[in-house]
$ cat structure.pdb   # PDB, C-alpha atoms and all ligand atoms
MODEL        1
ATOM      1  CA  MET A 174     -15.212 -12.605   7.028
ATOM      2  CA  GLU A 175     -11.584 -13.390   7.853
ATOM      3  CA  GLY A 176      -9.635 -16.106   6.090
ATOM      4  CA  ALA A 177      -6.284 -17.329   4.863
ATOM      5  CA  VAL A 178      -5.161 -18.862   1.589
ATOM      6  CA  ASN A 179      -1.668 -20.203   0.831
ATOM      7  CA  GLY A 180      -0.300 -18.405   3.899
ATOM      8  CA  ILE A 181      -1.944 -15.067   3.082
ATOM      9  CA  ALA A 182      -4.338 -13.704   5.736
ATOM     10  CA  PHE A 183      -7.178 -11.516   4.522
ATOM     11  CA  GLU A 184     -10.510  -9.989   5.436
ATOM     12  CA  ASP A 185     -13.428  -9.631   3.055
ATOM     13  CA  SER A 186     -16.472  -7.486   3.854
ATOM     14  CA  GLY A 187     -19.090  -5.134   2.430
ATOM     15  CA  PRO A 188     -21.987  -5.791   0.089
ATOM     16  CA  ARG A 189     -21.615  -7.625  -3.225
ATOM     17  CA  GLY A 190     -22.883  -5.868  -6.347
ATOM     18  CA  GLY A 191     -21.874  -2.325  -5.334
ATOM     19  CA  GLY A 192     -19.218  -2.010  -8.052
ATOM     20  CA  ALA A 193     -15.830  -3.660  -8.479
ATOM     21  CA  PRO A 194     -14.372  -4.752  -5.115
ATOM     22  CA  VAL A 195     -11.632  -2.560  -3.686
ATOM     23  CA  VAL A 196      -8.494  -4.456  -2.672
ATOM     24  CA  PHE A 197      -6.307  -2.618  -0.145
ATOM     25  CA  ILE A 198      -2.544  -3.294  -0.125
ATOM     26  CA  HIS A 199      -0.635  -1.906   2.854
ATOM     27  CA  GLY A 200       2.816  -0.347   3.076
ATOM     28  CA  PHE A 201       6.033  -1.806   4.499
ATOM     29  CA  PRO A 202       6.417  -2.879   7.330
ATOM     30  CA  PHE A 203       2.813  -2.623   8.496
ATOM     31  CA  ASP A 204      -0.266  -4.790   7.998
ATOM     32  CA  ARG A 205      -3.842  -4.530   6.755
ATOM     33  CA  THR A 206      -5.045  -2.850   9.965
ATOM     34  CA  MET A 207      -3.542   0.421   8.694
ATOM     35  CA  TRP A 208      -6.576   0.648   6.376
ATOM     36  CA  GLU A 209      -9.122   0.633   9.194
ATOM     37  CA  PRO A 210     -10.478   4.210   8.537
ATOM     38  CA  GLN A 211     -10.937   3.381   4.845
ATOM     39  CA  LEU A 212     -12.369  -0.136   5.292
ATOM     40  CA  ARG A 213     -15.006   1.255   7.644
ATOM     41  CA  GLU A 214     -16.202   3.849   5.103
ATOM     42  CA  VAL A 215     -15.813   2.048   1.786
ATOM     43  CA  SER A 216     -17.412  -1.197   3.034
ATOM     44  CA  LYS A 217     -20.679   0.658   3.622
ATOM     45  CA  ASP A 218     -21.563   0.170  -0.039
ATOM     46  CA  ARG A 219     -18.743  -1.793  -1.694
ATOM     47  CA  ARG A 220     -17.059  -5.106  -1.235
ATOM     48  CA  VAL A 221     -13.600  -4.544   0.248
ATOM     49  CA  ILE A 222     -10.724  -6.980   0.662
ATOM     50  CA  ALA A 223      -7.660  -6.169   2.746
ATOM     51  CA  TYR A 224      -4.782  -8.594   3.216
ATOM     52  CA  ASP A 225      -1.412  -8.898   4.883
ATOM     53  CA  VAL A 226       1.454  -9.012   2.395
ATOM     54  CA  ARG A 227       3.604 -12.148   2.838
ATOM     55  CA  GLY A 228       5.999 -11.648   5.781
ATOM     56  CA  HIS A 229       3.675  -9.100   7.435
ATOM     57  CA  GLY A 230       0.866  -9.227   9.997
ATOM     58  CA  ARG A 231      -0.858 -12.595  10.153
ATOM     59  CA  SER A 232       0.436 -13.830   6.807
ATOM     60  CA  GLN A 233       3.218 -16.387   6.899
ATOM     61  CA  ALA A 234       6.857 -15.319   6.680
ATOM     62  CA  GLY A 235       7.848 -18.589   4.963
ATOM     63  CA  ASP A 236      11.451 -18.720   3.794
ATOM     64  CA  GLY A 237      11.869 -14.913   3.686
ATOM     65  CA  GLN A 238      12.855 -14.971   0.014
ATOM     66  CA  TYR A 239      10.499 -12.385  -1.423
ATOM     67  CA  SER A 240      10.231 -10.305  -4.557
ATOM     68  CA  ILE A 241       7.601  -7.890  -5.835
ATOM     69  CA  GLU A 242       6.870 -10.629  -8.417
ATOM     70  CA  LEU A 243       5.992 -13.032  -5.592
ATOM     71  CA  PHE A 244       3.838 -10.360  -3.930
ATOM     72  CA  VAL A 245       1.956  -9.877  -7.233
ATOM     73  CA  ASP A 246       1.557 -13.673  -7.545
ATOM     74  CA  ASP A 247       0.017 -13.639  -4.040
ATOM     75  CA  LEU A 248      -2.337 -10.797  -4.997
ATOM     76  CA  VAL A 249      -3.535 -12.569  -8.157
ATOM     77  CA  MET A 250      -3.935 -15.806  -6.190
ATOM     78  CA  LEU A 251      -6.097 -13.922  -3.659
ATOM     79  CA  LEU A 252      -8.228 -12.372  -6.447
ATOM     80  CA  ASP A 253      -8.753 -15.847  -7.942
ATOM     81  CA  HIS A 254      -9.550 -17.357  -4.551
ATOM     82  CA  SER A 255     -12.048 -14.537  -3.856
ATOM     83  CA  LYS A 256     -13.583 -14.936  -7.332
ATOM     84  CA  VAL A 257     -12.847 -11.298  -8.150
ATOM     85  CA  GLU A 258     -12.430 -10.832 -11.894
ATOM     86  CA  ARG A 259     -11.584  -7.109 -11.792
ATOM     87  CA  ALA A 260     -10.778  -4.948  -8.782
ATOM     88  CA  VAL A 261      -9.879  -1.426  -7.837
ATOM     89  CA  LEU A 262      -6.385  -1.818  -6.399
ATOM     90  CA  CYS A 263      -5.569   0.680  -3.646
ATOM     91  CA  GLY A 264      -1.946   0.494  -2.508
ATOM     92  CA  LEU A 265       0.130   2.682  -0.224
ATOM     93  CA  SER A 266       3.876   2.894  -0.842
ATOM     94  CA  MET A 267       4.979  -0.787  -1.094
ATOM     95  CA  GLY A 268       1.306  -1.532  -1.766
ATOM     96  CA  GLY A 269       1.541   0.914  -4.663
ATOM     97  CA  TYR A 270       4.665  -0.825  -6.009
ATOM     98  CA  ILE A 271       2.715  -4.102  -5.945
ATOM     99  CA  ALA A 272      -0.367  -2.535  -7.569
ATOM    100  CA  LEU A 273       1.719  -0.909 -10.314
ATOM    101  CA  ARG A 274       3.502  -4.152 -11.161
ATOM    102  CA  ALA A 275       0.139  -5.983 -11.109
ATOM    103  CA  ALA A 276      -1.220  -3.351 -13.533
ATOM    104  CA  GLU A 277       1.767  -3.984 -15.799
ATOM    105  CA  ARG A 278       1.490  -7.778 -15.637
ATOM    106  CA  GLN A 279      -2.280  -8.299 -15.548
ATOM    107  CA  PRO A 280      -4.051  -5.120 -16.733
ATOM    108  CA  GLU A 281      -7.248  -7.079 -17.379
ATOM    109  CA  ARG A 282      -7.688  -7.637 -13.612
ATOM    110  CA  LEU A 283      -8.008  -3.889 -12.845
ATOM    111  CA  SER A 284     -11.034  -1.638 -13.010
ATOM    112  CA  GLY A 285      -9.395   1.251 -11.191
ATOM    113  CA  LEU A 286      -6.178   2.159  -9.394
ATOM    114  CA  VAL A 287      -5.478   4.234  -6.289
ATOM    115  CA  LEU A 288      -1.807   5.051  -5.773
ATOM    116  CA  CYS A 289      -1.111   6.468  -2.317
ATOM    117  CA  ASP A 290       2.268   7.827  -1.199
ATOM    118  CA  THR A 291       4.105   5.748  -3.754
ATOM    119  CA  LYS A 292       6.194   6.030  -6.902
ATOM    120  CA  SER A 293       6.929   4.112 -10.089
ATOM    121  CA  GLY A 294      10.719   4.505 -10.045
ATOM    122  CA  PRO A 295      13.092   1.882  -8.632
ATOM    123  CA  ASP A 296      15.539   2.309  -5.745
ATOM    124  CA  THR A 297      18.653   4.356  -6.392
ATOM    125  CA  ASP A 298      21.979   2.700  -5.546
ATOM    126  CA  GLU A 299      22.092   4.890  -2.440
ATOM    127  CA  ALA A 300      18.682   3.576  -1.324
ATOM    128  CA  ARG A 301      19.784  -0.035  -1.954
ATOM    129  CA  ILE A 302      22.888   0.448   0.166
ATOM    130  CA  LYS A 303      20.705   1.956   2.921
ATOM    131  CA  ARG A 304      18.372  -1.053   2.807
ATOM    132  CA  ALA A 305      21.379  -3.389   3.191
ATOM    133  CA  ALA A 306      22.463  -1.388   6.253
ATOM    134  CA  THR A 307      18.936  -1.633   7.669
ATOM    135  CA  ILE A 308      18.962  -5.441   7.242
ATOM    136  CA  ALA A 309      22.276  -5.596   9.115
ATOM    137  CA  ALA A 310      20.892  -3.336  11.871
ATOM    138  CA  VAL A 311      17.702  -5.419  12.255
ATOM    139  CA  LYS A 312      19.894  -8.528  12.667
ATOM    140  CA  LYS A 313      22.192  -6.846  15.171
ATOM    141  CA  TYR A 314      19.832  -4.714  17.253
ATOM    142  CA  GLY A 315      16.424  -6.301  16.632
ATOM    143  CA  VAL A 316      13.025  -5.068  15.484
ATOM    144  CA  PRO A 317      12.185  -2.567  18.330
ATOM    145  CA  LYS A 318      15.088  -0.211  17.511
ATOM    146  CA  PHE A 319      14.225  -0.387  13.809
ATOM    147  CA  ALA A 320      10.530   0.281  14.575
ATOM    148  CA  ASN A 321      11.283   3.372  16.664
ATOM    149  CA  GLU A 322      13.478   4.873  13.949
ATOM    150  CA  PHE A 323      11.175   3.934  11.050
ATOM    151  CA  ILE A 324       8.091   5.480  12.614
ATOM    152  CA  LYS A 325       9.798   8.885  12.806
ATOM    153  CA  ALA A 326      10.387   8.825   9.035
ATOM    154  CA  VAL A 327       6.779   8.166   8.043
ATOM    155  CA  LEU A 328       4.741  10.555  10.226
ATOM    156  CA  THR A 329       4.648  14.344  10.566
ATOM    157  CA  GLU A 330       6.093  15.846  13.744
ATOM    158  CA  GLU A 331       2.563  16.925  14.593
ATOM    159  CA  THR A 332       1.214  13.354  14.292
ATOM    160  CA  LEU A 333       4.089  12.030  16.420
ATOM    161  CA  ARG A 334       3.401  14.658  19.100
ATOM    162  CA  THR A 335      -0.385  14.705  19.189
ATOM    163  CA  LYS A 336      -1.762  11.377  17.886
ATOM    164  CA  PRO A 337      -0.419   8.587  20.120
ATOM    165  CA  ALA A 338      -3.114   6.166  18.960
ATOM    166  CA  ILE A 339      -1.792   6.256  15.383
ATOM    167  CA  THR A 340       1.850   6.048  16.431
ATOM    168  CA  GLY A 341       1.100   3.223  18.882
ATOM    169  CA  ALA A 342      -0.908   1.158  16.395
ATOM    170  CA  LEU A 343       1.768   1.487  13.708
ATOM    171  CA  LEU A 344       4.546   0.628  16.155
ATOM    172  CA  ASN A 345       2.647  -2.458  17.290
ATOM    173  CA  SER A 346       2.181  -3.644  13.735
ATOM    174  CA  ILE A 347       5.924  -3.305  13.033
ATOM    175  CA  LEU A 348       6.822  -5.061  16.293
ATOM    176  CA  ALA A 349       4.566  -7.999  15.399
ATOM    177  CA  ASN A 350       6.654  -8.714  12.287
ATOM    178  CA  SER A 351       9.619 -11.099  12.366
ATOM    179  CA  PRO A 352      13.194 -10.012  11.497
ATOM    180  CA  LEU A 353      12.974 -12.512   8.618
ATOM    181  CA  GLY A 354       9.831 -10.905   7.222
ATOM    182  CA  ILE A 355      11.288  -7.397   7.511
ATOM    183  CA  SER A 356      14.662  -8.296   5.961
ATOM    184  CA  GLY A 357      13.107 -10.360   3.172
ATOM    185  CA  THR A 358      10.819  -7.472   2.265
ATOM    186  CA  LEU A 359      13.696  -4.966   2.276
ATOM    187  CA  LEU A 360      15.461  -7.154  -0.306
ATOM    188  CA  ALA A 361      12.278  -7.310  -2.401
ATOM    189  CA  LEU A 362      11.887  -3.521  -2.272
ATOM    190  CA  ALA A 363      15.544  -2.997  -3.242
ATOM    191  CA  ALA A 364      15.225  -5.348  -6.222
ATOM    192  CA  ARG A 365      11.931  -4.030  -7.579
ATOM    193  CA  THR A 366      11.682  -3.063 -11.233
ATOM    194  CA  ASP A 367      10.932   0.366 -12.703
ATOM    195  CA  THR A 368       7.247   0.523 -13.678
ATOM    196  CA  THR A 369       7.427   4.057 -15.132
ATOM    197  CA  ALA A 370       7.258   2.914 -18.764
ATOM    198  CA  ALA A 371       4.055   0.966 -18.004
ATOM    199  CA  LEU A 372       2.182   4.041 -16.710
ATOM    200  CA  ALA A 373       1.228   5.226 -20.211
ATOM    201  CA  LYS A 374      -0.546   1.899 -20.826
ATOM    202  CA  ILE A 375      -2.742   2.056 -17.709
ATOM    203  CA  SER A 376      -6.185   2.722 -19.163
ATOM    204  CA  VAL A 377      -8.304   2.500 -15.995
ATOM    205  CA  PRO A 378      -9.243   5.586 -13.922
ATOM    206  CA  THR A 379      -6.421   6.315 -11.489
ATOM    207  CA  LEU A 380      -6.338   8.396  -8.340
ATOM    208  CA  ILE A 381      -3.058   9.556  -6.829
ATOM    209  CA  LEU A 382      -2.981  10.703  -3.204
ATOM    210  CA  VAL A 383       0.104  11.914  -1.357
ATOM    211  CA  GLY A 384       0.791  13.547   1.993
ATOM    212  CA  GLU A 385       2.116  17.082   1.545
ATOM    213  CA  GLN A 386       5.028  16.318   3.913
ATOM    214  CA  ASP A 387       5.841  12.837   2.562
ATOM    215  CA  LYS A 388       9.647  12.546   2.496
ATOM    216  CA  ILE A 389       9.853   8.876   1.451
ATOM    217  CA  THR A 390       7.747   9.168  -1.714
ATOM    218  CA  PRO A 391       7.416  12.972  -2.035
ATOM    219  CA  PRO A 392       4.703  14.849  -3.964
ATOM    220  CA  ALA A 393       7.162  15.363  -6.866
ATOM    221  CA  ALA A 394       7.110  11.590  -7.501
ATOM    222  CA  SER A 395       3.301  11.677  -7.626
ATOM    223  CA  GLU A 396       3.378  14.624 -10.044
ATOM    224  CA  ALA A 397       5.711  12.657 -12.320
ATOM    225  CA  MET A 398       3.262   9.704 -12.338
ATOM    226  CA  LEU A 399       0.354  12.057 -13.033
ATOM    227  CA  LYS A 400       2.073  13.347 -16.187
ATOM    228  CA  ALA A 401       2.639   9.825 -17.501
ATOM    229  CA  LEU A 402      -0.802   8.355 -16.700
ATOM    230  CA  PRO A 403      -3.529   8.744 -19.356
ATOM    231  CA  GLU A 404      -6.473   9.105 -16.959
ATOM    232  CA  ALA A 405      -5.432  10.271 -13.525
ATOM    233  CA  ALA A 406      -6.092  12.898 -10.874
ATOM    234  CA  LEU A 407      -3.741  13.903  -8.075
ATOM    235  CA  HIS A 408      -4.625  15.321  -4.688
ATOM    236  CA  VAL A 409      -2.111  16.394  -2.082
ATOM    237  CA  ILE A 410      -3.327  15.579   1.424
ATOM    238  CA  PRO A 411      -2.640  18.379   3.945
ATOM    239  CA  ASP A 412      -1.299  17.748   7.454
ATOM    240  CA  ALA A 413       0.105  14.371   6.451
ATOM    241  CA  ALA A 414       3.437  12.749   5.640
ATOM    242  CA  HIS A 415       3.862   9.175   4.298
ATOM    243  CA  MET A 416       0.822   7.667   6.094
ATOM    244  CA  SER A 417      -1.689  10.073   4.564
ATOM    245  CA  ASN A 418      -4.649   7.681   4.987
ATOM    246  CA  LEU A 419      -4.138   7.625   8.767
ATOM    247  CA  GLU A 420      -2.840  11.125   9.394
ATOM    248  CA  ASN A 421      -5.698  12.867   7.604
ATOM    249  CA  PRO A 422      -8.432  10.247   7.071
ATOM    250  CA  ALA A 423     -11.156  12.878   6.587
ATOM    251  CA  VAL A 424      -9.612  14.419   3.454
ATOM    252  CA  PHE A 425      -8.182  11.080   2.256
ATOM    253  CA  ASN A 426     -11.592   9.378   2.472
ATOM    254  CA  GLU A 427     -13.392  12.284   0.834
ATOM    255  CA  ARG A 428     -11.077  11.995  -2.189
ATOM    256  CA  LEU A 429     -11.218   8.195  -2.240
ATOM    257  CA  LEU A 430     -15.020   7.968  -1.989
ATOM    258  CA  ALA A 431     -15.516  10.609  -4.711
ATOM    259  CA  PHE A 432     -13.138   8.675  -6.975
ATOM    260  CA  LEU A 433     -14.946   5.383  -6.333
ATOM    261  CA  ILE A 434     -18.294   6.940  -7.275
ATOM    262  CA  ARG A 435     -16.762   8.126 -10.589
ATOM    263  CA  GLU A 436     -15.020   4.788 -11.192
ATOM    264  CA  LYS A 437     -18.277   2.924 -10.625
ATOM    265  CA  ALA A 438     -20.172   5.188 -13.035
ATOM    266  CA  ALA A 439     -17.425   4.735 -15.673
ATOM    267  CA  GLY A 440     -17.518   0.935 -15.225
ATOM    268  CA  ALA A 441     -21.292   0.844 -15.649
ATOM    269  CA  PHE A 442     -21.128   1.727 -19.377
TER     270      PHE A 442
HETATM  271  C1  LIG A 501       6.552   1.705   2.529
HETATM  272  O1  LIG A 501       5.962   2.545   3.208
HETATM  273  O2  LIG A 501       5.953   0.765   1.992
HETATM  274  C2  LIG A 501       8.045   1.812   2.379
HETATM  275  O3  LIG A 501       8.503   2.901   3.059
HETATM  276  C3  LIG A 501       8.418   1.841   0.943
HETATM  277  C4  LIG A 501       9.874   1.966   0.715
HETATM  278  O4  LIG A 501      10.652   1.896   1.666
HETATM  279  O5  LIG A 501      10.265   2.143  -0.451
ENDMDL
END
$ encode --input "structure.pdb" --output "C-alpha cells" --more "lines below"
Ligand code: MLT
Amino acid sequence: MEGAVNGIAFEDSGPRGGGAPVVFIHGFPFDRTMWEPQLREVSKDRRVIAYDVRGHGRSQAGDGQYSIELFVDDLVMLLDHSKVERAVLCGLSMGGYIALRAAERQPERLSGLVLCDTKSGPDTDEARIKRAATIAAVKKYGVPKFANEFIKAVLTEETLRTKPAITGALLNSILANSPLGISGTLLALAARTDTTAALAKISVPTLILVGEQDKITPPAASEAMLKALPEAALHVIPDAAHMSNLENPAVFNERLLAFLIREKAAGAF
C-alpha cells in the first residue's frame, strides 16, 4: 500500500505479525526506492515501511527549513500513523543519523537498529564549510551538475563502470529532488547533533553494516560505534562503497536477514 501523511510519502507492505516492522530510512539525496533489494526480501515475512524523507522523492519540500529534529518528528508521526509501537529502524547514512537521534529521543519506540554506512559524530567545521559551498553551487549551476559529482563520491569505481542500472537509478532519484529540498537538507545535515554519547544507552540489538570502500562514512566510524554500543555486531560489506545495500545486495541482505531472525527471537521473550 502506498500513502502519504502530513506531506510524507510512504509504502507499507509485508505480512503483519512476523515480528516488529522494519522501517527503512534512505540516505541523502535519494529516496525510498534505494531500498528496493531489501524491501523485496524482508517483506516476504515481515511488515516493512519505507518513506521519503521530507524534501526528497515524493514527500513535500515545504519551506525547506529542515533539521534532523524535524526529520525525527516526521518519523515518529509516521510510526503513530501506521500504528507501529516499536520498530526496527534501518537507516543508511542520513537515515542512520535520523535513526540514531530517534533512538536517543524515543528509545521506547525501537526494537532493533540497523546502522548502514553512517556515523554518530557531527560534521567537522571543514565539512560544514563544504556543505555551504555545495548549497551555493546547487543555486548557481543547478541539480544535474551536483548529481553527477555526488554520484562519483558514493559508489566504487567498479560500480560506476559496470552497473549502469544502479548509477542511473540513483542519478534519477537525485534529479527528481528540488534545489530547495537539497539545500534545506544540507543545512540540516550540517547542524546535526553528536549522538555518540547516546550509543552506550542503546539497549536494543544493533547491526552495523558498512561498505569496505566507503569514503563518506568509512569503516573506522563504524568500528568506533561498535565499541560504544552495548549489543552490536559489525560487518564490512565487500565490493561496496557508501551505497553498500545496492552495490552488494547479496551480502548486505544475508547479514540483514540473519540479524532480523535474531532480533525477532530476542523480542519473543
Ligand atoms: C548520505 O548519504 O546520507 C550523505 O552522504 C550523508 C552526509 O553527507 O553526511
$ residues_near_ligand --input "structure.pdb" --ligand "ligand LIG 501 (chain A)" --cutoff "6 Å" --atoms "only C-alpha atoms and all ligand atoms" --output "mmCIF file with C-alpha atoms, in the coordinates of the input"
data_model
loop_
_atom_site.group_PDB
_atom_site.id
_atom_site.type_symbol
_atom_site.label_atom_id
_atom_site.label_comp_id
_atom_site.auth_asym_id
_atom_site.auth_seq_id
_atom_site.Cartn_x
_atom_site.Cartn_y
_atom_site.Cartn_z
ATOM 1 C CA GLY A 200 2.816 -0.347 3.076
ATOM 2 C CA PHE A 201 6.033 -1.806 4.499
ATOM 3 C CA SER A 266 3.876 2.894 -0.842
ATOM 4 C CA MET A 267 4.979 -0.787 -1.094
#
$ residues_around --input "structure.pdb" --residues "Thr366 of chain A" --least-positions-apart "3" --cutoff "12 Å" --atoms "all atoms listed in the file" --output "list in words"
Ser240, Ile241, Glu242, Tyr270, Ile271, Leu273, Arg274, Ala275, Glu277, Lys292, Ser293, Gly294, Pro295, Asp296, Thr297, Ala361, Leu362, Ala363, Thr369, Ala370 and Ala371 of chain A
$ closest_residue --input "structure.pdb" --among "A:Leu344, A:Pro210, A:Asn179, A:Gly230" --to "Val249 of chain A" --atoms "all atoms listed in the file"
A:Asn179
$ atom_distance --input "structure.pdb" --atom1 "atom CA of Asp204 of chain A" --atom2 "atom CA of Ser376 of chain A"
28.8 Å
$ resolve_selection --input "structure.pdb" --expression "the PyMOL selection byres (((chain A and resi 384-398) around 8) and not hetatm)" --output "PyMOL selection string"
chain A and resi 266+290-293+326-327+329+369+372+381-383+399-402+407+409-417
$ residues_around --input "structure.pdb" --residues "Ala193 of chain A" --least-positions-apart "6" --cutoff "8 Å" --atoms "all atoms listed in the file" --output "JSON list (two decimals) with C-alpha atoms, in the coordinates of the input"
[["chain", "number", "residue", "atom", "x", "y", "z"],
["A", 219, "ARG", "CA", -18.74, -1.79, -1.69],
["A", 220, "ARG", "CA", -17.06, -5.11, -1.24],
["A", 259, "ARG", "CA", -11.58, -7.11, -11.79],
["A", 260, "ALA", "CA", -10.78, -4.95, -8.78],
["A", 261, "VAL", "CA", -9.88, -1.43, -7.84],
["A", 284, "SER", "CA", -11.03, -1.64, -13.01],
["A", 437, "LYS", "CA", -18.28, 2.92, -10.62]]
$ resolve_selection --input "structure.pdb" --expression "the PyMOL selection byres (((chain A and resi 429) around 12) and not hetatm)" --output "PDB file with C-alpha atoms, keeping the file's coordinate frame"
ATOM      1  CA  VAL A 195     -11.632  -2.560  -3.686  1.00  0.00           C
ATOM      2  CA  PRO A 210     -10.478   4.210   8.537  1.00  0.00           C
ATOM      3  CA  GLN A 211     -10.937   3.381   4.845  1.00  0.00           C
ATOM      4  CA  LEU A 212     -12.369  -0.136   5.292  1.00  0.00           C
ATOM      5  CA  GLU A 214     -16.202   3.849   5.103  1.00  0.00           C
ATOM      6  CA  VAL A 215     -15.813   2.048   1.786  1.00  0.00           C
ATOM      7  CA  VAL A 261      -9.879  -1.426  -7.837  1.00  0.00           C
ATOM      8  CA  LEU A 262      -6.385  -1.818  -6.399  1.00  0.00           C
ATOM      9  CA  CYS A 263      -5.569   0.680  -3.646  1.00  0.00           C
ATOM     10  CA  GLY A 285      -9.395   1.251 -11.191  1.00  0.00           C
ATOM     11  CA  LEU A 286      -6.178   2.159  -9.394  1.00  0.00           C
ATOM     12  CA  VAL A 287      -5.478   4.234  -6.289  1.00  0.00           C
ATOM     13  CA  LEU A 288      -1.807   5.051  -5.773  1.00  0.00           C
ATOM     14  CA  CYS A 289      -1.111   6.468  -2.317  1.00  0.00           C
ATOM     15  CA  THR A 379      -6.421   6.315 -11.489  1.00  0.00           C
ATOM     16  CA  LEU A 380      -6.338   8.396  -8.340  1.00  0.00           C
ATOM     17  CA  ILE A 381      -3.058   9.556  -6.829  1.00  0.00           C
ATOM     18  CA  LEU A 382      -2.981  10.703  -3.204  1.00  0.00           C
ATOM     19  CA  VAL A 383       0.104  11.914  -1.357  1.00  0.00           C
ATOM     20  CA  ALA A 406      -6.092  12.898 -10.874  1.00  0.00           C
ATOM     21  CA  LEU A 407      -3.741  13.903  -8.075  1.00  0.00           C
ATOM     22  CA  HIS A 408      -4.625  15.321  -4.688  1.00  0.00           C
ATOM     23  CA  ILE A 410      -3.327  15.579   1.424  1.00  0.00           C
ATOM     24  CA  SER A 417      -1.689  10.073   4.564  1.00  0.00           C
ATOM     25  CA  ASN A 418      -4.649   7.681   4.987  1.00  0.00           C
ATOM     26  CA  PRO A 422      -8.432  10.247   7.071  1.00  0.00           C
ATOM     27  CA  ALA A 423     -11.156  12.878   6.587  1.00  0.00           C
ATOM     28  CA  VAL A 424      -9.612  14.419   3.454  1.00  0.00           C
ATOM     29  CA  PHE A 425      -8.182  11.080   2.256  1.00  0.00           C
ATOM     30  CA  ASN A 426     -11.592   9.378   2.472  1.00  0.00           C
ATOM     31  CA  GLU A 427     -13.392  12.284   0.834  1.00  0.00           C
ATOM     32  CA  ARG A 428     -11.077  11.995  -2.189  1.00  0.00           C
ATOM     33  CA  LEU A 430     -15.020   7.968  -1.989  1.00  0.00           C
ATOM     34  CA  ALA A 431     -15.516  10.609  -4.711  1.00  0.00           C
ATOM     35  CA  PHE A 432     -13.138   8.675  -6.975  1.00  0.00           C
ATOM     36  CA  LEU A 433     -14.946   5.383  -6.333  1.00  0.00           C
ATOM     37  CA  ILE A 434     -18.294   6.940  -7.275  1.00  0.00           C
ATOM     38  CA  ARG A 435     -16.762   8.126 -10.589  1.00  0.00           C
ATOM     39  CA  GLU A 436     -15.020   4.788 -11.192  1.00  0.00           C
TER      40      GLU A 436
END
$ closest_residue --input "structure.pdb" --among "A:Ile308, A:Leu419, A:Leu248, A:Ala177" --to "Leu359 of chain A" --atoms "all atoms listed in the file"
A:Ile308
$ resolve_selection --input "structure.pdb" --expression "the PyMOL selection byres (((chain A and resi 349) around 10) and not hetatm)" --output "ChimeraX atom specification"
/A:202-204,229-231,316-317,344-348,350-352
$ residues_around --input "structure.pdb" --residues "Phe183 of chain A" --least-positions-apart "4" --cutoff "6 Å" --atoms "only C-alpha atoms" --output "PyMOL selection string"
chain A and resi 175-177+223-224
$ atom_distance --input "structure.pdb" --atom1 "atom CA of Phe323 of chain A" --atom2 "atom CA of Leu343 of chain A"
10.1 Å
$ atom_distance --input "structure.pdb" --atom1 "atom CA of Gly235 of chain A" --atom2 "atom CA of Met250 of chain A"
16.5 Å
$ closest_residue --input "structure.pdb" --among "A:Ile181, A:Leu360, A:Ala338, A:Leu328" --to "Gln233 of chain A" --atoms "all atoms listed in the file"
A:Ile181
$ build_atoms --input "structure.pdb" --residues "segment 184-193 of chain A" --atoms "N, CA, C and O atoms" --output "PDB file, keeping the file's coordinate frame"
ATOM      1  N   GLU A 184      -9.130 -10.189   4.993  1.00  0.00           N
ATOM      2  CA  GLU A 184     -10.510  -9.989   5.436  1.00  0.00           C
ATOM      3  C   GLU A 184     -11.308  -9.479   4.249  1.00  0.00           C
ATOM      4  O   GLU A 184     -10.779  -8.756   3.390  1.00  0.00           O
ATOM      5  N   ASP A 185     -12.567  -9.877   4.217  1.00  0.00           N
ATOM      6  CA  ASP A 185     -13.428  -9.631   3.055  1.00  0.00           C
ATOM      7  C   ASP A 185     -14.772  -9.194   3.626  1.00  0.00           C
ATOM      8  O   ASP A 185     -15.391  -9.918   4.389  1.00  0.00           O
ATOM      9  N   SER A 186     -15.199  -7.954   3.287  1.00  0.00           N
ATOM     10  CA  SER A 186     -16.472  -7.486   3.854  1.00  0.00           C
ATOM     11  C   SER A 186     -17.166  -6.559   2.864  1.00  0.00           C
ATOM     12  O   SER A 186     -16.653  -6.304   1.773  1.00  0.00           O
ATOM     13  N   GLY A 187     -18.332  -6.053   3.285  1.00  0.00           N
ATOM     14  CA  GLY A 187     -19.090  -5.134   2.430  1.00  0.00           C
ATOM     15  C   GLY A 187     -20.010  -5.883   1.480  1.00  0.00           C
ATOM     16  O   GLY A 187     -19.823  -7.069   1.236  1.00  0.00           O
ATOM     17  N   PRO A 188     -20.995  -5.150   0.948  1.00  0.00           N
ATOM     18  CA  PRO A 188     -21.987  -5.791   0.089  1.00  0.00           C
ATOM     19  C   PRO A 188     -21.462  -6.138  -1.302  1.00  0.00           C
ATOM     20  O   PRO A 188     -20.645  -5.408  -1.855  1.00  0.00           O
ATOM     21  N   ARG A 189     -21.918  -7.259  -1.839  1.00  0.00           N
ATOM     22  CA  ARG A 189     -21.615  -7.625  -3.225  1.00  0.00           C
ATOM     23  C   ARG A 189     -22.489  -6.768  -4.145  1.00  0.00           C
ATOM     24  O   ARG A 189     -23.558  -6.300  -3.749  1.00  0.00           O
ATOM     25  N   GLY A 190     -22.044  -6.550  -5.360  1.00  0.00           N
ATOM     26  CA  GLY A 190     -22.883  -5.868  -6.347  1.00  0.00           C
ATOM     27  C   GLY A 190     -22.823  -4.348  -6.291  1.00  0.00           C
ATOM     28  O   GLY A 190     -23.535  -3.675  -7.017  1.00  0.00           O
ATOM     29  N   GLY A 191     -21.961  -3.788  -5.436  1.00  0.00           N
ATOM     30  CA  GLY A 191     -21.874  -2.325  -5.334  1.00  0.00           C
ATOM     31  C   GLY A 191     -20.758  -1.754  -6.178  1.00  0.00           C
ATOM     32  O   GLY A 191     -20.232  -0.683  -5.875  1.00  0.00           O
ATOM     33  N   GLY A 192     -20.361  -2.439  -7.238  1.00  0.00           N
ATOM     34  CA  GLY A 192     -19.218  -2.010  -8.052  1.00  0.00           C
ATOM     35  C   GLY A 192     -18.065  -2.975  -7.850  1.00  0.00           C
ATOM     36  O   GLY A 192     -18.158  -3.905  -7.041  1.00  0.00           O
ATOM     37  N   ALA A 193     -16.987  -2.761  -8.601  1.00  0.00           N
ATOM     38  CA  ALA A 193     -15.830  -3.660  -8.479  1.00  0.00           C
ATOM     39  C   ALA A 193     -15.294  -3.611  -7.040  1.00  0.00           C
ATOM     40  O   ALA A 193     -15.209  -2.529  -6.452  1.00  0.00           O
TER      41      ALA A 193
END
